[in-house]
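Engineer: For reference, the structure I am asking about is given below.
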Amino acid sequence: MQIFIAGKKHIRYAEIICETIADSAKVRGTGIAKRTPEYIIAKIENGNAVIALEKDRFAGFCYIEQWGHGRFVANSGLIVHPDFRGQGLAKKIKEAIFDHSRSKYPEAKIFGITTGLAVMKINYQLGYEPVTFSELTDDPDFWKGCQTCKNYDVLTRTEQKMCLCTGMLYDADKKNNSKKHPYSKKVLERLKRIKLTLLKKK
């Protein structure tokens with residue numbers, strides 16, 4: 001298994017990447033913004049993605065998005081093909097795209113929103129911390145990307161203050177990013193309870 005910074009030779013995987021993301025969303029029953037092959041190809045061509053391959057077989061993928069005139073970047077679209085799940089590959093892909101983001105955009109804050117507790121755990125291990133949505137980018141184009149998510153009504157109902165996703169942020173300028181936060185586990189559990197409450201109200 002190898003993880004690469006995706007290049008033009010990997011464009012041929014764009015279709016299966018989109019299909020795997022869509023299938024995963026159906027199985028999990030969670031909201032996820034739709035991606036098109038054209039969008040994935042653009043990320044690959046710009047050098048803003050990593051891809052995992054087992055020889056020539058697609059195994060996983062993740063890409064970088066820029067927001068707020070480069071002040072923020074997000075690692076999005078993390079996916080592992082079903083044939084390669086349960087092997088710790090998601091964490092390796094996350095680490096690869098995180099390192100690539102810090103190298104390519106050293107001044108940017110790195111953030112993400114997710115409904116998955118496994119992804120939250122990986123983010124926390126990388127130094128992210130749970131934050132309110134107000135601490136994330138205010139770039140309207142980012143939030144427009146949520147319109148294809150089935151939980152978008154929750155976001156609009158709360159005036160973009162929260163949703164079923166948890167916001168997490170890595171800020172290299174904050175010294176406490178290198179230390180474990182004693183309340184982070186409790187914060188994540190509280191956020192989980194809030195999301196379950198919102199889901200029941202739908």
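Chain labels follow the order of the structure tokens: the first chain is A, the next B, and so on; residue numbering restarts at 1 in every chain, and ligands are counted from 1 in their shown order.
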Taking the DSSP assignment computed from this structure's backbone, write out as a list of chain:residue names all residues of range 29-90 of chain A that belong to strand (DSSP E).
Structural biologist: A:Ala49, A:Val50, A:Ile51, A:Ala52, A:Leu53, A:Glu54, A:Arg57, A:Phe58, A:Ala59, A:Gly60, A:Phe61, A:Cys62, A:Tyr63, A:Ile64, A:Glu65, A:Gln66, A:Trp67, A:Phe72, A:Val73, A:Ala74, A:Asn75, A:Ser76, A:Gly77, A:Leu78, A:Ile79, A:Val80
Engineer: Which residues are near Ala96 in chain A? Cut-off 9 Å, only C-alpha atoms, ignore same chain within fewer than 2 positions. Put them as a list in words.
Structural biologist: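 Near neighbours after the sequence-gap exclusion: Ile3, Phe4, Ile5, Val50, Lys91, Lys92, Ile93, Lys94, Phe98, Asp99, His100 and Ser101 of chain A.
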Engineer: Between A:Thr158, A:Asn48, A:Gln125, A:Gln2, which one has atoms that come closest to Gly60 in chain A, using only C-alpha atoms?
Structural biologist: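 Between A:Thr158, A:Asn48, A:Gln125, A:Gln2, the residue approaching Gly60 in chain A most closely is A:Gln2.
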Engineer: With a distance cut-off of 7 Å and only C-alpha atoms, select the neighbouring residues of Pro130 in chain A, excluding the residue or stretch itself and same-chain residues fewer than 6 positions from it, and output the selection as a ChimeraX atom specification.
Structural biologist: /A:167-169
Engineer: Could you save the residues just selected, with C-alpha atoms, as a PDB file, in the first residue's frame?
Structural biologist:
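File written: out_25.pdb
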ATOM      1  CA  GLY A 167     -16.091  21.756  13.625  1.00  0.00           C
ATOM      2  CA  MET A 168     -12.424  21.126  14.439  1.00  0.00           C
ATOM      3  CA  LEU A 169      -9.476  23.474  13.975  1.00  0.00           C
TER       4      LEU A 169
END
Engineer: Looking at only C-alpha atoms, which of A:Tyr170, A:Tyr152, A:Phe58, A:Tyr63 is the one that sits closest to Glu19 in chain A?
Structural biologist: A:Phe58
Engineer: Mind pulling up the distance from CA of Trp67 in chain A to CA of His10 in chain A?
Structural biologist: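 Calculated distance between CA of His10 in chain A and CA of Trp67 in chain A is 24.7 Å.
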Engineer: Apply DSSP to the backbone of this structure and, from range 25-194 of chain A, keep only the residues in helix (DSSP H, G or I); write these as a ChimeraX atom specification.
Structural biologist: /A:25-28,37-45,82-84,89-104,117-126,133-135,140-148,152-157,175-178,184-194
Engineer: Separation of CA of Ile44 in chain A and CA of Arg12 in chain A, in Å?
Structural biologist: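 Separation of CA of Ile44 in chain A and CA of Arg12 in chain A: 10.4 Å.
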Engineer: From the list A:Ile21, A:Ile41, A:Ala118, A:Ala108, which residue is nearest Leu78 in chain A when using only C-alpha atoms?
Structural biologist: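 Ranking A:Ile21, A:Ile41, A:Ala118, A:Ala108 by distance to Leu78 in chain A, first place goes to A:Ile21.
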Engineer: Give the answer as one residue: which of A:Ala6, A:Ile64, A:Ala14, A:Ala74 has the shortest atom-to-atom distance to Glu45 in chain A, using only C-alpha atoms?
Structural biologist: A:Ala6
Engineer: Have a look at CA of Trp143 in chain A and CA of Gly7 in chain A and let me know their distance in Å, one decimal.
Structural biologist: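 Value for the CA of Trp143 in chain A-CA of Gly7 in chain A distance: 27.5 Å.
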Engineer: So, counting only C-alpha atoms, which residue among A:Cys165, A:Ala172, A:Ala59, A:Asp153 is closest to Arg85 in chain A?
Structural biologist: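 Ranking A:Cys165, A:Ala172, A:Ala59, A:Asp153 by distance to Arg85 in chain A, first place goes to A:Ala59.
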Engineer: Skip Lys161 in chain A itself and residues of its chain fewer than 5 positions away, then list as a list in words all residues within 9 Å of it, counting only C-alpha atoms.
Structural biologist: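 Contacts, with the query itself left out: Thr132, Phe133, Ser134, Leu155 and Thr156 of chain A.
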